[in-house]
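One structure below.
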Amino acid sequence: MTYLSHPTSLSAAEQFKELHQRVETEFRSRFGHVPAVVAAAPGRVNLIGEHIDYNHGFVLPMAIERYVIIAAAPCSDPSQEHATFYSSDLQETTDIPIRVSFEPTCSGWGRYLEGVIAGFVSGVCDVPAFEAVIGSNVPRGGGLSSSAALEVATATMLEGITDHQLEPLEKAILCQHAEHTFAGMPCGIMDQVSSVFGKPGELMLLDCISQEIQAVPFREEGVSVLITNSNVKHELIGGEYAERRRQCESALEKLGLLSWRDVTLRDLDSARTRLTNDELACGRHVVAEIARTLDAAEAFANGQWASVGELMYSSHESLQKDFRVSCAELDALVRIAREIGFEDGVYGARMTGGGFGGCIVTLVRSDRAKAVRERILTQYENETGVQGSAFTSRPAVGAHLIKRNAHDS
Ligand code: GLA
């Protein structure tokens, strides 16, 4: 993973090429032949609309120029009934059974692969035994959807190996299901959709009810998306995520409504005696964040960067105080960015992803991006003793096959 805190002269395209070459070379040296298929799928950063994909809201993510790449080929031994994956980052091998399965047998990163393979075998088509090498430059555990990128890259590779193409939304849902069932994470659909549908020059305004995407053009070279990793991960995320989800569901049930999109702040206020304090606070975040996301999409489309920035700060405050998924390190990063201020090139900042660590996203003037990054990282380290890391990304292309030689295995 190359961060701007460890300056590199490599462009995003060169980093992609380097990762691709590393994965192919590793494949050839491990398995002694060339891969038949090479697939790539990106991580994502969410600009605004946090914790509302599973609450009937809208989200505004973009795919980032960081990818999981998988090289694979069917295996020559016809008796083999499993897939062999080698992770070139972790330097570990895992064998995944190829069968219909509803329960994980693997642990760790193997669960994501197993879930996608099981989804394919049970609902799409037969999968031959194969061998594969995985490489990634999506930061792991940084709230940038490294697991969704792994799932979507696996599904894309399977499409190549089996010659069976899924509808893009079907692929995202299959991967989300794998995450629910095999990784035990009751996530929404944002991460997998972002990894499948990402397009250069566009943010995706995803309607999480209809699952339709409205493209929001973002080609302004003078404005950049700076992603700063706190490099901390408080291991609360799984349980706390499910807990917030439950609180939102029970609040909605008490309100007697089917969708958060139909709830107003006035409804919440009238119901305050029937809701617990936590349910009320979660509800306040959800209702306000749905409105903020629509406003931000419009402001983005009109190039109103200062308005986008203000909405980002409000979103962070709401996630911090009402939804309670931030942490001291994320709050420090956002505060430092805010203190740098508009005059010095910062439009706005907020935590991004599930929370409890991971990254913040900052909208910056491109000519100030380097200086802003250095100031944030220096002050963050001075205050917390933790070394952060940061990079910029333009909206990136979603999952695709880089290579496919059907007869090359
Ligand atoms: C995680 C989940 C997403 C979404 C975000 C919070 O990334 O996978 O579905 O809920 O958290 O917005």
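The chains in the structure tokens are called A, B, ... from first to last as shown; in each chain the residues are counted from 1, and the ligands are counted from 1 in the order shown.
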Ligand 1 neighbours within 6 Å using only C-alpha atoms and all ligand atoms, as a PyMOL selection string: chain A and resi 50-51+53+187-191+353-354
Residue set, segment 9-221 of chain A restricted to strand (DSSP E or B), as a ChimeraX atom specification: /A:37-46,58-59,61-74,82-87,92-97,130-136,202-207,213-217
Using only C-alpha atoms, I'd like a table of the residues in segment 120-167 of chain A that come within 10 Å of segment 357-379 of chain A; for each, show the closest atom pair and its distance in Å rounded to one decimal, ordered by chain and ascending number, as JSON lines.
```
{"residue": "A:Pro139", "atom": "CA", "partner": "A:Gly358", "partner_atom": "CA", "distance": 9.2}
{"residue": "A:Arg140", "atom": "CA", "partner": "A:Gly358", "partner_atom": "CA", "distance": 9.1}
{"residue": "A:Gly141", "atom": "CA", "partner": "A:Gly358", "partner_atom": "CA", "distance": 6.5}
{"residue": "A:Gly142", "atom": "CA", "partner": "A:Gly358", "partner_atom": "CA", "distance": 3.9}
{"residue": "A:Gly143", "atom": "CA", "partner": "A:Gly358", "partner_atom": "CA", "distance": 5.0}
{"residue": "A:Leu144", "atom": "CA", "partner": "A:Cys359", "partner_atom": "CA", "distance": 7.6}
```
Keeping only N, CA, C and O atoms, take the residues you just selected and write them out as a PDB file, in the first residue's frame.
```pdb
ATOM      1  N   PRO A 139      -6.344  -0.368   1.918  1.00  0.00           N
ATOM      2  CA  PRO A 139      -5.953  -0.539   3.327  1.00  0.00           C
ATOM      3  C   PRO A 139      -6.955  -1.437   4.057  1.00  0.00           C
ATOM      4  O   PRO A 139      -8.162  -1.218   3.951  1.00  0.00           O
ATOM      5  N   ARG A 140      -6.447  -2.432   4.760  1.00  0.00           N
ATOM      6  CA  ARG A 140      -7.349  -3.353   5.479  1.00  0.00           C
ATOM      7  C   ARG A 140      -7.805  -2.722   6.785  1.00  0.00           C
ATOM      8  O   ARG A 140      -7.010  -2.088   7.477  1.00  0.00           O
ATOM      9  N   GLY A 141      -9.093  -2.880   7.078  1.00  0.00           N
ATOM     10  CA  GLY A 141      -9.617  -2.367   8.354  1.00  0.00           C
ATOM     11  C   GLY A 141      -9.639  -0.843   8.428  1.00  0.00           C
ATOM     12  O   GLY A 141      -9.695  -0.275   9.508  1.00  0.00           O
ATOM     13  N   GLY A 142      -9.614  -0.175   7.279  1.00  0.00           N
ATOM     14  CA  GLY A 142      -9.583   1.289   7.280  1.00  0.00           C
ATOM     15  C   GLY A 142     -10.928   1.911   6.956  1.00  0.00           C
ATOM     16  O   GLY A 142     -11.022   3.108   6.720  1.00  0.00           O
ATOM     17  N   GLY A 143     -11.980   1.085   6.911  1.00  0.00           N
ATOM     18  CA  GLY A 143     -13.308   1.634   6.577  1.00  0.00           C
ATOM     19  C   GLY A 143     -13.421   1.983   5.103  1.00  0.00           C
ATOM     20  O   GLY A 143     -14.270   2.783   4.705  1.00  0.00           O
ATOM     21  N   LEU A 144     -12.553   1.397   4.272  1.00  0.00           N
ATOM     22  CA  LEU A 144     -12.595   1.684   2.825  1.00  0.00           C
ATOM     23  C   LEU A 144     -13.046   0.455   2.036  1.00  0.00           C
ATOM     24  O   LEU A 144     -12.763   0.315   0.848  1.00  0.00           O
TER      25      LEU A 144
END
```
Shell around His20 of chain A at 8 Å using only C-alpha atoms, local window under 3 positions removed, as a PyMOL selection string: chain A and resi 16-17+23-24+69+135
Selection export as a compact mmCIF listing (two decimals), in the first residue's frame, atoms kept: all heavy atoms:
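Output below, filename result_1.txt:
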```txt
# COMPACT_ATOMS: atom_id res chain seq x y z
N PHE A 16 -1.53 0.56 -9.88
CA PHE A 16 -2.41 -0.53 -10.33
C PHE A 16 -1.60 -1.53 -11.14
O PHE A 16 -1.68 -2.75 -10.93
CB PHE A 16 -3.55 0.06 -11.16
CG PHE A 16 -4.58 -0.95 -11.60
CD1 PHE A 16 -5.65 -1.27 -10.78
CD2 PHE A 16 -4.47 -1.59 -12.83
CE1 PHE A 16 -6.60 -2.20 -11.18
CE2 PHE A 16 -5.41 -2.53 -13.23
CZ PHE A 16 -6.48 -2.83 -12.41
N LYS A 17 -0.80 -0.99 -12.05
CA LYS A 17 0.00 -1.85 -12.93
C LYS A 17 1.00 -2.68 -12.10
O LYS A 17 1.19 -3.88 -12.33
CB LYS A 17 0.75 -0.96 -13.92
CG LYS A 17 1.25 -1.69 -15.12
CD LYS A 17 1.65 -0.70 -16.19
CE LYS A 17 2.66 -1.41 -17.11
NZ LYS A 17 3.56 -0.48 -17.76
N VAL A 23 0.87 -9.70 -8.78
CA VAL A 23 -0.06 -10.83 -8.62
C VAL A 23 0.18 -11.87 -9.73
O VAL A 23 0.25 -13.08 -9.47
CB VAL A 23 -1.52 -10.31 -8.61
CG1 VAL A 23 -2.51 -11.44 -8.70
CG2 VAL A 23 -1.78 -9.49 -7.36
N GLU A 24 0.35 -11.40 -10.95
CA GLU A 24 0.59 -12.36 -12.06
C GLU A 24 1.91 -13.10 -11.90
O GLU A 24 2.00 -14.30 -12.14
CB GLU A 24 0.58 -11.62 -13.41
CG GLU A 24 -0.82 -11.44 -13.93
CD GLU A 24 -0.92 -11.61 -15.45
OE1 GLU A 24 -0.15 -12.40 -16.04
OE2 GLU A 24 -1.79 -10.95 -16.04
N ILE A 69 -6.78 -7.39 -6.55
CA ILE A 69 -6.61 -8.05 -7.85
C ILE A 69 -6.44 -9.56 -7.60
O ILE A 69 -5.69 -9.96 -6.70
CB ILE A 69 -5.40 -7.48 -8.62
CG1 ILE A 69 -5.69 -6.02 -9.00
CG2 ILE A 69 -5.10 -8.31 -9.87
CD1 ILE A 69 -4.64 -5.35 -9.87
N GLY A 135 -3.84 -10.11 -4.47
CA GLY A 135 -3.02 -8.99 -3.97
C GLY A 135 -3.93 -7.79 -3.79
O GLY A 135 -4.95 -7.67 -4.48
```
Expected answer as a PyMOL selection string: alpha helix (DSSP H) residues in segment 103-340 of chain A: chain A and resi 110-123+146-162+168-183+190-197+237-255+265-270+277-301+305-321+328-340
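Near segment 257-267 of chain A, within 7 Å and counting only C-alpha atoms, sit Asn55, His56, Gly57, Leu252, Arg284 and Val287 of chain A; same-chain residues fewer than 5 positions away were not included.
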With all heavy atoms retained, export the selected residues as a short mmCIF file (atom, residue, chain, number, x, y, z; two decimals), in the first residue's frame.
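New file result34.cif:
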```cif
data_model
loop_
_atom_site.label_atom_id
_atom_site.label_comp_id
_atom_site.auth_asym_id
_atom_site.auth_seq_id
_atom_site.Cartn_x
_atom_site.Cartn_y
_atom_site.Cartn_z
N ASN A 55 -30.94 1.90 6.31
CA ASN A 55 -32.06 2.64 6.89
C ASN A 55 -32.84 3.40 5.82
O ASN A 55 -33.28 4.53 6.05
CB ASN A 55 -31.55 3.62 7.97
CG ASN A 55 -31.26 2.90 9.27
OD1 ASN A 55 -32.04 2.05 9.70
ND2 ASN A 55 -30.15 3.24 9.92
N HIS A 56 -32.95 2.79 4.65
CA HIS A 56 -33.79 3.32 3.55
C HIS A 56 -33.36 4.69 3.07
O HIS A 56 -34.17 5.49 2.62
CB HIS A 56 -35.27 3.36 3.96
CG HIS A 56 -35.66 2.26 4.88
ND1 HIS A 56 -36.00 2.45 6.20
CD2 HIS A 56 -35.73 0.92 4.67
CE1 HIS A 56 -36.27 1.29 6.77
NE2 HIS A 56 -36.11 0.34 5.87
N GLY A 57 -32.08 4.99 3.22
CA GLY A 57 -31.62 6.33 2.86
C GLY A 57 -30.97 6.41 1.49
O GLY A 57 -31.22 5.58 0.60
N LEU A 252 -38.05 2.44 14.53
CA LEU A 252 -39.00 2.55 13.41
C LEU A 252 -40.29 1.79 13.71
O LEU A 252 -41.39 2.25 13.42
CB LEU A 252 -38.32 2.02 12.13
CG LEU A 252 -39.02 2.32 10.82
CD1 LEU A 252 -39.14 3.82 10.58
CD2 LEU A 252 -38.27 1.68 9.65
N ARG A 284 -32.61 10.56 15.12
CA ARG A 284 -32.25 11.94 14.72
C ARG A 284 -31.15 11.92 13.66
O ARG A 284 -31.21 12.64 12.68
CB ARG A 284 -31.73 12.71 15.95
CG ARG A 284 -32.75 13.53 16.64
CD ARG A 284 -32.10 14.61 17.52
NE ARG A 284 -31.05 14.10 18.38
CZ ARG A 284 -31.24 13.67 19.64
NH1 ARG A 284 -32.45 13.68 20.17
NH2 ARG A 284 -30.22 13.23 20.35
N VAL A 287 -32.68 10.55 10.16
CA VAL A 287 -33.56 11.50 9.46
C VAL A 287 -32.74 12.67 8.90
O VAL A 287 -32.88 13.06 7.74
CB VAL A 287 -34.67 12.01 10.42
CG1 VAL A 287 -35.47 13.13 9.79
CG2 VAL A 287 -35.58 10.85 10.80
#
```
Surrounding residues of Ala39 of chain A excluding itself and chain neighbours under 3 positions, 12 Å, only C-alpha atoms, as a VMD selection string: chain A and resid 16 19 to 20 23 to 24 35 to 36 42 67 to 73 132 to 136 149 to 161 196 398 to 404
